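Undergrad: Contents are CSV, C-alpha atoms; file name my_file.csv:
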chain,number,residue,atom,x,y,z
D,655,MET,CA,-59.1,14.5,-73.2
D,656,SER,CA,-62.6,15.7,-73.5
D,657,ARG,CA,-63.4,19.4,-73.0
D,658,LEU,CA,-65.7,18.7,-70.0
D,659,ARG,CA,-63.1,16.5,-68.3
D,660,LEU,CA,-60.4,19.2,-68.8
D,661,LEU,CA,-62.6,21.9,-67.4
D,662,VAL,CA,-63.6,19.8,-64.4
D,663,LEU,CA,-59.9,19.0,-63.6
D,664,LEU,CA,-59.0,22.7,-63.9
D,665,VAL,CA,-61.8,23.7,-61.6
D,666,LEU,CA,-60.7,21.1,-59.0
D,667,LEU,CA,-57.1,22.3,-59.3
D,668,CYS,CA,-58.2,25.9,-58.7
D,669,LEU,CA,-60.2,24.8,-55.7
D,670,VAL,CA,-57.3,22.9,-54.2
D,671,LEU,CA,-54.9,25.8,-54.8
D,672,PHE,CA,-57.3,28.3,-53.5
D,673,ALA,CA,-57.7,26.3,-50.2
D,674,SER,CA,-53.9,25.9,-50.1
D,675,SER,CA,-53.5,29.7,-50.5
D,676,LEU,CA,-55.7,30.2,-47.5
D,677,LEU,CA,-53.7,27.8,-45.3
D,678,VAL,CA,-50.1,28.8,-46.3
D,679,GLY,CA,-48.4,31.6,-44.4
D,680,PRO,CA,-45.7,32.4,-41.9
D,681,ALA,CA,-47.9,31.6,-38.9
D,682,ALA,CA,-47.4,28.0,-37.7
D,683,VAL,CA,-51.1,27.2,-37.4
D,684,GLY,CA,-52.8,23.9,-38.4
D,685,PRO,CA,-55.3,23.7,-41.3
D,686,GLY,CA,-58.2,22.9,-38.9
D,687,ALA,CA,-57.6,26.0,-36.7
D,688,SER,CA,-57.1,28.2,-39.8
D,689,LEU,CA,-60.4,27.1,-41.4
D,690,GLN,CA,-62.2,27.4,-38.1
D,691,ALA,CA,-61.0,31.0,-37.7
D,692,LEU,CA,-62.1,31.8,-41.2
D,693,VAL,CA,-65.6,30.5,-40.6
D,694,ARG,CA,-66.1,31.5,-36.9
D,695,ASP,CA,-65.4,35.1,-35.8
D,696,ASP,CA,-63.9,34.8,-32.4
D,697,GLY,CA,-62.3,38.2,-32.5
D,698,GLY,CA,-58.8,36.7,-32.2
D,699,PRO,CA,-55.7,37.6,-34.3
D,700,LEU,CA,-56.0,34.4,-36.4
D,701,THR,CA,-59.5,35.4,-37.6
D,702,LEU,CA,-58.1,38.8,-38.6
D,703,VAL,CA,-55.2,37.1,-40.5
D,704,MET,CA,-57.5,34.7,-42.3
D,705,ARG,CA,-60.3,37.2,-43.2
D,706,GLU,CA,-58.4,40.3,-43.8
D,707,ILE,CA,-55.0,39.1,-45.2
D,708,ARG,CA,-55.2,35.5,-46.6
D,709,LEU,CA,-58.7,35.5,-48.0
D,710,PRO,CA,-58.5,38.7,-50.1
D,711,ARG,CA,-55.0,37.6,-51.3
D,712,ALA,CA,-56.4,34.2,-52.5
D,713,LEU,CA,-59.4,35.9,-54.2
D,714,LEU,CA,-57.1,38.4,-56.0
D,715,GLY,CA,-54.8,35.5,-57.1
D,716,LEU,CA,-57.9,33.7,-58.6
D,717,MET,CA,-59.2,36.9,-60.2
D,718,VAL,CA,-55.8,38.1,-61.6
D,719,GLY,CA,-54.9,34.7,-63.0
D,720,LEU,CA,-58.4,34.3,-64.6
D,721,SER,CA,-58.1,37.7,-66.2
D,722,LEU,CA,-54.6,37.2,-67.6
D,723,GLY,CA,-55.2,33.7,-68.9
D,724,LEU,CA,-58.5,34.6,-70.6
D,725,SER,CA,-57.1,37.8,-72.1
D,726,GLY,CA,-54.1,36.0,-73.5
D,727,ALA,CA,-56.3,33.3,-75.1
D,728,ALA,CA,-58.6,35.9,-76.6
D,729,LEU,CA,-55.8,37.9,-78.1
D,730,GLN,CA,-54.0,34.9,-79.5
D,731,GLY,CA,-57.3,33.8,-81.1
D,732,TYR,CA,-58.1,37.2,-82.6
D,733,LEU,CA,-54.6,38.0,-83.9
D,734,ARG,CA,-54.1,34.3,-84.9
D,735,ASN,CA,-50.6,34.5,-83.4
D,736,PRO,CA,-49.5,32.2,-80.5
D,737,LEU,CA,-47.0,34.9,-79.5
D,738,ALA,CA,-49.6,37.5,-78.6
D,739,GLU,CA,-50.1,38.3,-74.9
D,740,PRO,CA,-52.1,40.8,-72.9
D,741,GLY,CA,-49.4,43.5,-73.0
D,742,VAL,CA,-49.6,43.7,-76.8
D,743,ILE,CA,-52.3,46.4,-76.8
D,744,GLY,CA,-50.5,48.6,-74.2
D,745,VAL,CA,-53.1,48.6,-71.5
D,746,SER,CA,-50.8,47.0,-68.8
D,747,ALA,CA,-48.1,49.6,-69.6
D,748,GLY,CA,-50.6,52.4,-69.3
D,749,ALA,CA,-51.9,51.1,-66.0
D,750,ALA,CA,-48.4,50.8,-64.7
D,751,LEU,CA,-47.7,54.4,-65.7
D,752,GLY,CA,-50.7,55.6,-63.8
D,753,ALA,CA,-49.6,53.8,-60.7
D,754,VAL,CA,-46.1,55.1,-61.0
D,755,ILE,CA,-47.3,58.7,-61.3
D,756,ALA,CA,-49.5,58.1,-58.2
D,757,LEU,CA,-46.5,56.8,-56.2
D,758,GLN,CA,-44.2,59.6,-57.4
D,759,THR,CA,-46.5,62.5,-56.7
D,760,GLY,CA,-47.6,61.2,-53.3
D,761,PHE,CA,-51.2,60.7,-54.4
D,762,ALA,CA,-50.9,57.0,-53.4
D,763,ALA,CA,-50.3,58.1,-49.8
D,764,THR,CA,-53.5,60.1,-49.6
D,765,PHE,CA,-55.8,57.1,-49.2
D,766,ALA,CA,-55.7,53.4,-49.6
D,767,LEU,CA,-57.2,53.1,-53.1
D,768,ALA,CA,-55.5,56.0,-54.7
D,769,LEU,CA,-53.0,53.8,-56.5
D,770,PRO,CA,-55.4,51.3,-58.1
D,771,LEU,CA,-57.7,54.2,-59.1
D,772,ALA,CA,-54.9,56.0,-60.8
D,773,ALA,CA,-53.8,52.8,-62.6
D,774,LEU,CA,-57.4,52.1,-63.8
D,775,THR,CA,-57.8,55.7,-65.0
D,776,ALA,CA,-54.5,55.5,-67.0
D,777,ALA,CA,-55.6,52.1,-68.4
D,778,LEU,CA,-58.9,53.8,-69.6
D,779,VAL,CA,-56.9,56.6,-71.2
D,780,SER,CA,-54.7,54.0,-73.0
D,781,VAL,CA,-57.8,52.2,-74.4
D,782,LEU,CA,-59.2,55.4,-75.7
D,783,LEU,CA,-55.9,56.3,-77.4
D,784,ILE,CA,-55.6,52.9,-78.9
D,785,LEU,CA,-59.1,52.9,-80.3
D,786,GLY,CA,-58.6,56.4,-81.6
D,787,LEU,CA,-55.3,55.5,-83.3
D,788,ALA,CA,-56.4,52.2,-84.7
D,789,GLY,CA,-59.6,53.8,-86.2
D,790,THR,CA,-61.7,51.4,-88.2
D,791,GLY,CA,-58.7,49.5,-89.6
D,792,GLY,CA,-58.1,45.8,-89.1
D,793,THR,CA,-55.6,43.8,-87.1
D,794,ILE,CA,-52.4,45.6,-88.1
D,795,PRO,CA,-53.5,49.1,-87.0
D,796,LEU,CA,-54.6,47.7,-83.6
D,797,ILE,CA,-51.2,46.0,-83.1
D,798,LEU,CA,-49.3,49.1,-84.1
D,799,ALA,CA,-51.4,51.4,-81.9
D,800,GLY,CA,-50.9,49.0,-79.0
D,801,VAL,CA,-47.1,48.8,-79.5
D,802,ALA,CA,-46.9,52.6,-79.8
D,803,ILE,CA,-48.9,53.2,-76.6
D,804,SER,CA,-47.0,50.5,-74.7
D,805,ALA,CA,-43.6,52.0,-75.8
D,806,LEU,CA,-44.7,55.5,-74.9
D,807,ALA,CA,-46.0,54.5,-71.5
D,808,SER,CA,-42.9,52.4,-70.7
D,809,ALA,CA,-40.7,55.4,-71.7
D,810,LEU,CA,-42.6,57.7,-69.5
D,811,THR,CA,-42.4,55.3,-66.6
D,812,SER,CA,-38.6,55.1,-67.0
D,813,LEU,CA,-38.5,58.9,-67.2
D,814,VAL,CA,-40.4,59.2,-63.9
D,815,LEU,CA,-37.9,56.8,-62.3
D,816,ASN,CA,-34.9,58.6,-63.8
D,817,LEU,CA,-36.0,62.0,-62.6
D,818,SER,CA,-37.4,60.9,-59.2
D,819,PRO,CA,-35.8,63.1,-56.5
D,820,ASN,CA,-37.2,60.9,-53.8
D,821,PRO,CA,-35.3,57.6,-53.4
D,822,PHE,CA,-38.1,56.1,-51.2
D,823,ALA,CA,-40.7,56.8,-53.9
D,824,ALA,CA,-38.4,55.3,-56.5
D,825,ASN,CA,-37.9,52.2,-54.3
D,826,ASP,CA,-41.7,51.8,-54.0
D,827,ILE,CA,-42.1,52.2,-57.7
D,828,VAL,CA,-39.6,49.5,-58.5
D,829,PHE,CA,-41.0,47.0,-56.0
D,830,TRP,CA,-44.6,47.7,-57.2
D,831,LEU,CA,-43.6,47.1,-60.9
D,832,MET,CA,-42.3,43.7,-59.9
D,833,GLY,CA,-45.9,42.6,-59.2
D,834,SER,CA,-47.3,41.1,-55.9
D,835,LEU,CA,-50.4,40.1,-54.1
D,836,ALA,CA,-49.1,40.8,-50.7
D,837,ASP,CA,-50.7,43.4,-48.4
D,838,ARG,CA,-53.9,43.5,-50.4
D,839,SER,CA,-57.3,43.9,-48.8
D,840,PHE,CA,-61.0,43.5,-49.6
D,841,ALA,CA,-60.9,47.1,-50.7
D,842,HIS,CA,-58.7,46.0,-53.7
D,843,VAL,CA,-61.0,43.1,-54.4
D,844,ALA,CA,-64.0,45.5,-54.4
D,845,ILE,CA,-62.4,48.0,-56.8
D,846,ALA,CA,-61.1,45.4,-59.2
D,847,LEU,CA,-63.9,42.8,-59.3
D,848,PRO,CA,-66.6,44.9,-61.1
D,849,VAL,CA,-64.1,46.0,-63.8
D,850,MET,CA,-62.7,42.5,-64.2
D,851,ALA,CA,-66.2,41.1,-64.4
D,852,LEU,CA,-67.0,43.5,-67.2
D,853,GLY,CA,-63.9,42.2,-69.0
D,854,TRP,CA,-64.8,38.6,-68.4
D,855,ILE,CA,-68.3,39.1,-69.8
D,856,ALA,CA,-67.0,40.9,-72.9
D,857,LEU,CA,-64.3,38.2,-73.7
D,858,ALA,CA,-66.7,35.3,-73.0
D,859,THR,CA,-68.9,36.5,-75.9
D,860,LEU,CA,-66.0,36.2,-78.4
D,861,GLY,CA,-65.9,32.4,-78.8
D,862,ARG,CA,-68.0,32.1,-82.0
D,863,GLY,CA,-66.2,35.0,-83.7
D,864,LEU,CA,-62.8,33.6,-82.8
D,865,GLU,CA,-63.7,30.2,-84.2
D,866,ALA,CA,-64.8,31.8,-87.4
D,867,LEU,CA,-61.6,33.9,-87.7
D,868,THR,CA,-59.5,30.7,-87.9
D,869,LEU,CA,-60.7,30.5,-91.5
D,870,GLY,CA,-59.8,34.1,-92.3
D,871,GLU,CA,-61.5,37.5,-92.1
D,872,ASP,CA,-63.5,37.0,-95.3
D,873,ALA,CA,-64.8,33.7,-94.2
D,874,ALA,CA,-65.7,35.2,-90.8
D,875,VAL,CA,-67.7,38.0,-92.4
D,876,SER,CA,-69.5,35.5,-94.7
D,877,ARG,CA,-70.6,33.7,-91.5
D,878,GLY,CA,-72.2,36.8,-90.1
D,879,ILE,CA,-69.4,38.0,-87.8
D,880,ASP,CA,-69.2,41.7,-87.3
D,881,LEU,CA,-65.4,42.2,-87.2
D,882,LYS,CA,-65.6,45.8,-85.9
D,883,ARG,CA,-67.8,44.7,-83.0
D,884,LEU,CA,-65.5,41.7,-82.3
D,885,ARG,CA,-62.5,44.0,-82.1
D,886,PHE,CA,-64.2,46.5,-79.9
D,887,MET,CA,-65.4,43.8,-77.5
D,888,LEU,CA,-61.9,42.3,-77.5
D,889,VAL,CA,-60.2,45.6,-76.7
D,890,LEU,CA,-62.8,46.4,-74.1
D,891,GLY,CA,-62.5,43.0,-72.4
D,892,VAL,CA,-58.7,42.9,-72.4
D,893,ALA,CA,-58.5,46.5,-71.2
D,894,ALA,CA,-60.9,45.9,-68.3
D,895,ALA,CA,-59.5,42.6,-67.2
D,896,VAL,CA,-55.8,43.4,-67.6
D,897,GLY,CA,-56.1,47.0,-66.5
D,898,ALA,CA,-57.8,46.0,-63.3
D,899,SER,CA,-55.2,43.2,-62.7
D,900,THR,CA,-52.3,45.6,-63.2
D,901,ALA,CA,-54.0,48.2,-61.0
D,902,VAL,CA,-54.2,45.9,-57.9
D,903,ALA,CA,-51.3,43.5,-58.5
D,904,GLY,CA,-48.7,45.3,-60.6
D,905,ALA,CA,-47.0,43.8,-63.6
D,906,ILE,CA,-47.3,40.0,-63.8
D,907,GLY,CA,-46.1,38.6,-67.1
D,908,PHE,CA,-46.1,35.3,-69.0
D,909,VAL,CA,-49.5,34.0,-67.7
D,910,GLY,CA,-51.4,35.1,-70.7
D,911,LEU,CA,-48.6,33.9,-73.0
D,912,VAL,CA,-47.7,30.5,-71.6
D,913,VAL,CA,-51.1,29.2,-70.3
D,914,PRO,CA,-52.9,29.2,-73.7
D,915,HIS,CA,-49.8,27.5,-75.2
D,916,VAL,CA,-49.9,24.7,-72.8
D,917,LEU,CA,-53.7,24.1,-73.0
D,918,ARG,CA,-54.2,24.7,-76.7
D,919,PRO,CA,-53.4,21.1,-77.8
D,920,LEU,CA,-55.9,19.8,-75.1
D,921,VAL,CA,-58.8,21.6,-76.7
D,922,GLY,CA,-58.0,20.7,-80.3
D,923,ALA,CA,-56.5,24.2,-81.0
D,924,ARG,CA,-60.0,25.7,-81.1
D,925,PRO,CA,-60.0,29.4,-79.8
D,926,GLY,CA,-63.6,29.3,-78.5
D,927,ARG,CA,-62.9,26.2,-76.3
D,928,LEU,CA,-59.6,27.6,-75.2
D,929,LEU,CA,-61.1,30.7,-73.5
D,930,PRO,CA,-62.6,29.0,-70.4
D,931,ALA,CA,-59.7,26.5,-70.2
D,932,ALA,CA,-57.1,29.3,-70.3
D,933,ALA,CA,-59.1,31.4,-67.7
D,934,LEU,CA,-59.0,28.5,-65.2
D,935,GLY,CA,-55.4,27.6,-66.1
D,936,GLY,CA,-54.3,31.2,-65.5
D,937,ALA,CA,-56.1,31.2,-62.1
D,938,ALA,CA,-54.4,28.0,-61.1
D,939,LEU,CA,-50.9,29.2,-62.2
D,940,VAL,CA,-51.1,32.5,-60.4
D,941,LEU,CA,-52.4,30.8,-57.2
D,942,ALA,CA,-49.6,28.3,-57.4
D,943,ALA,CA,-47.0,30.9,-57.9
D,944,ASP,CA,-48.3,33.1,-55.1
D,945,ILE,CA,-48.1,30.0,-52.8
D,946,ALA,CA,-44.6,29.4,-54.0
D,947,VAL,CA,-43.3,32.9,-53.2
D,948,ARG,CA,-44.5,32.4,-49.6
D,949,LEU,CA,-42.6,29.1,-49.3
D,950,ILE,CA,-39.4,29.7,-51.2
D,951,LEU,CA,-38.1,32.9,-49.4
D,952,PRO,CA,-40.7,33.6,-46.7
D,953,GLY,CA,-38.5,36.3,-45.0
D,954,ARG,CA,-37.4,38.1,-48.2
D,955,ASP,CA,-40.7,39.1,-49.9
D,956,LEU,CA,-40.0,37.4,-53.2
D,957,LYS,CA,-42.2,39.2,-55.8
D,958,LEU,CA,-44.8,37.3,-57.7
D,959,GLY,CA,-43.9,38.9,-61.0
D,960,VAL,CA,-40.2,38.0,-60.6
D,961,LEU,CA,-41.1,34.3,-59.9
D,962,MET,CA,-43.5,34.2,-62.9
D,963,ALA,CA,-40.7,35.5,-65.2
D,964,LEU,CA,-38.2,33.1,-63.8
D,965,VAL,CA,-40.6,30.1,-64.3
D,966,GLY,CA,-42.5,31.3,-67.4
D,967,ALA,CA,-39.5,32.2,-69.6
D,968,PRO,CA,-38.0,28.7,-69.5
D,969,ILE,CA,-41.4,27.1,-70.0
D,970,PHE,CA,-42.0,29.3,-73.0
D,971,LEU,CA,-38.6,28.6,-74.5
D,972,HIS,CA,-39.2,24.8,-74.1
D,973,LEU,CA,-42.5,25.2,-75.9
D,974,VAL,CA,-40.8,27.1,-78.7
D,975,TRP,CA,-38.1,24.5,-79.0
D,976,ARG,CA,-40.6,21.7,-79.0
D,977,SER,CA,-42.6,23.4,-81.8
D,978,ARG,CA,-39.4,23.7,-83.9
D,979,ARG,CA,-38.8,20.0,-83.7
D,980,GLU,CA,-42.4,19.1,-84.7
D,981,PRO,CA,-42.8,18.5,-88.5
Written as C-alpha cells, how would this file's structure read?
TA:
Amino acid sequence: MSRLRLLVLLVLLCLVLFASSLLVGPAAVGPGASLQALVRDDGGPLTLVMREIRLPRALLGLMVGLSLGLSGAALQGYLRNPLAEPGVIGVSAGAALGAVIALQTGFAATFALALPLAALTAALVSVLLILGLAGTGGTIPLILAGVAISALASALTSLVLNLSPNPFAANDIVFWLMGSLADRSFAHVAIALPVMALGWIALATLGRGLEALTLGEDAAVSRGIDLKRLRFMLVLGVAAAVGASTAVAGAIGFVGLVVPHVLRPLVGARPGRLLPAAALGGAALVLAADIAVRLILPGRDLKLGVLMALVGAPIFLHLVWRSRREP
C-alpha cells in the first residue's frame, strides 16, 4: 500500500469515528436531530449535550490518540526498539502523581482545572529531572533516567493511596488512574491543546533524524544529524504530548505500543513515514475504544484505560507470537 493511500484511509477512518463519537450516547436521539442540535443553537437540552459533552469528548479522543500514537512511534524510532512506549521516559507516571496529589490534598476540588494543571506541572518536573539525570549521554542514560523517574513516581502514587485517610479521595484516585474521557469539557480541551500542539510540532520535526538513526548513531552524525538536539526535541515532544494527555484523560496504555507495531509493515518500516501514520492510527484507536465503552456497559462507566488494556494486551501478544514465527 502506498504511503498516500494509507494516510488517506486513516484520515477517513478518523473522520468516520469522530462523527460516530458525536452520535453515540445514552440518549435515544437520531443522527439527524443530533447533528442539527450541534449546528443550530436552539437552547434545548440536546444542544447542550452535543456541544458541551459529546463534542469536547470526541475532540479529546482525537487529541489523546494522536499524541500517544505519535509519541510511541517517535520513541520506537529513536530507541530502535519496537517495545518502547510513551511511558518509558516516566512522564506519564509523573503526571499521574501530580493528579493523585491534587485529588488527595483536595486541590482538585478548588476549581475545575486544578487536576490537569497539577498533572502538567508534575510532568514538567519529571522532564527536568530526566534531562538533568541523563545529562549529555546517549540512549542508555535517557532510558535509565526515565525508568528511575517512572518507578519513583509510581511508588509515591502507591504511597499516597496507601496512606490516604479519606476513602472517597482514594476511590477518586483509583478511578482517575484507570483513564477516561467522560465528563470532560472544553476547558480541558483548551488547557491540553496548546501543550499537545507543542509536542506534535516537536515530534513532527524528527522524521529525517529517525531515518538516519536506522543506520546507527555514527552514520546519523555523518549525515549531519545533531543527536543532542534530536534527543532534546524527542523528550520535549513526548513530554508535552503524553503529559497533557495524562493530565486530561488519566492513564491510557498500549496505544503508543500497539499502533506503531500494526502500521510499521505498511510504511516499509521507515520511522519517518511511520510518524503521521501512527498519529492517525492512535487517534482512530482511542476514538473507537471510547465509542465501545459507551456501548458495552452503558450503565456501568467502563473506563477507557481498562478497555485499552483488555484489548491491547492480546493484540500485542499476537504480534509478538507472529514475529517469533517469522524467519
Undergrad: Rounded to one decimal, what separation in Å do you get between atom CA of Leu771 of chain D and atom CA of Ile845 of chain D?
TA: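 Going from atom CA of Leu771 of chain D over to atom CA of Ile845 of chain D covers 8.1 Å.
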Undergrad: Which one is closest to Leu939 of chain D: D:Gly748, D:Leu806, D:Glu871, D:Val912? Count only C-alpha atoms.
TA: D:Val912
Undergrad: What separation in Å, quoted to one decimal, exists between atom CA of His842 of chain D and atom CA of Ala893 of chain D?
TA: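 Atom-to-atom, atom CA of His842 of chain D and atom CA of Ala893 of chain D are spaced 17.5 Å apart.
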Undergrad: Find the residues near Val683 of chain D: any atom within 12 Å, counting all atoms listed in the file, skip ones fewer than 5 places away on the same chain, and give them as a list in words.
TA: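 Contacts, with the query itself left out: Leu676, Leu677, Val678, Ser688, Leu689, Gln690, Ala691, Pro699, Leu700, Thr701, Val703 and Met704 of chain D.
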Undergrad: Set the distance at 7 Å and use all atoms listed in the file: which residues neighbour Lys957 of chain D once local chain neighbours fewer than 5 positions away are removed? I'd like the list as a list in words.
TA: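 Counting all atoms listed in the file, the residues come to Met832, Gly833, Ser834 and Val947 of chain D.
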Undergrad: I'd like the contact shell of Phe886 of chain D - 12 Å cut-off, only C-alpha atoms, skipping same-chain residues fewer than 3 positions apart - returned as a PyMOL selection string.
TA: chain D and resi 732+781-782+784-786+788-793+796+853+856-857+859-860+880-883+889-893
Undergrad: Take the residues from that selection and write them out as a compact mmCIF listing (two decimals), in the coordinates of the input, keeping C-alpha atoms.
TA:
# COMPACT_ATOMS: atom_id res chain seq x y z
CA TYR D 732 -58.10 37.20 -82.60
CA VAL D 781 -57.80 52.20 -74.40
CA LEU D 782 -59.20 55.40 -75.70
CA ILE D 784 -55.60 52.90 -78.90
CA LEU D 785 -59.10 52.90 -80.30
CA GLY D 786 -58.60 56.40 -81.60
CA ALA D 788 -56.40 52.20 -84.70
CA GLY D 789 -59.60 53.80 -86.20
CA THR D 790 -61.70 51.40 -88.20
CA GLY D 791 -58.70 49.50 -89.60
CA GLY D 792 -58.10 45.80 -89.10
CA THR D 793 -55.60 43.80 -87.10
CA LEU D 796 -54.60 47.70 -83.60
CA GLY D 853 -63.90 42.20 -69.00
CA ALA D 856 -67.00 40.90 -72.90
CA LEU D 857 -64.30 38.20 -73.70
CA THR D 859 -68.90 36.50 -75.90
CA LEU D 860 -66.00 36.20 -78.40
CA ASP D 880 -69.20 41.70 -87.30
CA LEU D 881 -65.40 42.20 -87.20
CA LYS D 882 -65.60 45.80 -85.90
CA ARG D 883 -67.80 44.70 -83.00
CA VAL D 889 -60.20 45.60 -76.70
CA LEU D 890 -62.80 46.40 -74.10
CA GLY D 891 -62.50 43.00 -72.40
CA VAL D 892 -58.70 42.90 -72.40
CA ALA D 893 -58.50 46.50 -71.20
Undergrad: Between atom CA of Leu810 of chain D and atom CA of Ala749 of chain D, measure the distance and give it in Å to one decimal.
TA: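 About the pair atom CA of Leu810 of chain D and atom CA of Ala749 of chain D: they are 11.9 Å apart.
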Undergrad: Return the single residue from D:Ala809, D:Leu714, D:Ala942, D:Leu929 that is closest to Val843 of chain D, with distances computed using all atoms listed in the file.
TA: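 Answer, going by the shortest atom-to-atom distance: D:Leu714.
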Undergrad: For Leu733 of chain D, which of D:Pro795, D:Gln758, D:Val913, D:Leu709 is the closest residue, counting all atoms listed in the file?
TA: D:Pro795
Undergrad: Write out as a list of chain:residue names which residues come within 12 Å of Phe829 of chain D when counting only C-alpha atoms, dropping same-chain ones fewer than 2 positions away.
TA: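 Residues near the query, excluding close chain neighbours: D:Ala753, D:Val754, D:Leu757, D:Phe822, D:Ala823, D:Ala824, D:Asn825, D:Asp826, D:Ile827, D:Leu831, D:Met832, D:Gly833, D:Ser834, D:Leu835, D:Ala836, D:Ala903, D:Gly904, D:Ala905, D:Asp955, D:Leu956, D:Lys957, D:Leu958, D:Gly959, D:Val960.
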Undergrad: Reconstruct N, CA, C and O atoms of segment 742-755 of chain D from the incomplete input and present them as a compact mmCIF listing (two decimals), in the frame of the given file.
TA:
# COMPACT_ATOMS: atom_id res chain seq x y z
N VAL D 742 -49.79 43.29 -75.43
CA VAL D 742 -49.60 43.70 -76.80
C VAL D 742 -50.39 44.96 -77.17
O VAL D 742 -50.02 45.70 -78.08
N ILE D 743 -51.49 45.22 -76.47
CA ILE D 743 -52.30 46.40 -76.80
C ILE D 743 -51.99 47.57 -75.85
O ILE D 743 -52.66 48.59 -75.91
N GLY D 744 -50.98 47.44 -75.00
CA GLY D 744 -50.50 48.60 -74.20
C GLY D 744 -51.25 48.94 -72.99
O GLY D 744 -50.90 49.91 -72.32
N VAL D 745 -52.28 48.19 -72.62
CA VAL D 745 -53.10 48.60 -71.50
C VAL D 745 -52.31 48.38 -70.17
O VAL D 745 -52.36 49.24 -69.27
N SER D 746 -51.57 47.29 -70.04
CA SER D 746 -50.80 47.00 -68.80
C SER D 746 -49.75 48.10 -68.60
O SER D 746 -49.52 48.56 -67.47
N ALA D 747 -49.08 48.51 -69.67
CA ALA D 747 -48.10 49.60 -69.60
C ALA D 747 -48.69 50.89 -69.17
O ALA D 747 -48.13 51.65 -68.37
N GLY D 748 -49.89 51.17 -69.72
CA GLY D 748 -50.60 52.40 -69.30
C GLY D 748 -51.01 52.39 -67.88
O GLY D 748 -50.86 53.39 -67.17
N ALA D 749 -51.53 51.24 -67.42
CA ALA D 749 -51.90 51.10 -66.00
C ALA D 749 -50.72 51.28 -65.10
O ALA D 749 -50.79 51.94 -64.04
N ALA D 750 -49.60 50.69 -65.50
CA ALA D 750 -48.40 50.80 -64.70
C ALA D 750 -47.92 52.27 -64.63
O ALA D 750 -47.48 52.73 -63.57
N LEU D 751 -48.02 53.00 -65.72
CA LEU D 751 -47.70 54.40 -65.70
C LEU D 751 -48.52 55.20 -64.74
O LEU D 751 -48.02 56.05 -63.99
N GLY D 752 -49.82 54.94 -64.74
CA GLY D 752 -50.70 55.60 -63.80
C GLY D 752 -50.35 55.35 -62.37
O GLY D 752 -50.34 56.26 -61.53
N ALA D 753 -50.00 54.10 -62.06
CA ALA D 753 -49.60 53.80 -60.70
C ALA D 753 -48.29 54.43 -60.31
O ALA D 753 -48.13 54.91 -59.18
N VAL D 754 -47.36 54.46 -61.26
CA VAL D 754 -46.10 55.10 -61.00
C VAL D 754 -46.22 56.58 -60.71
O VAL D 754 -45.59 57.13 -59.79
N ILE D 755 -47.06 57.24 -61.48
CA ILE D 755 -47.30 58.70 -61.30
C ILE D 755 -47.94 58.89 -59.89
O ILE D 755 -47.60 59.83 -59.16
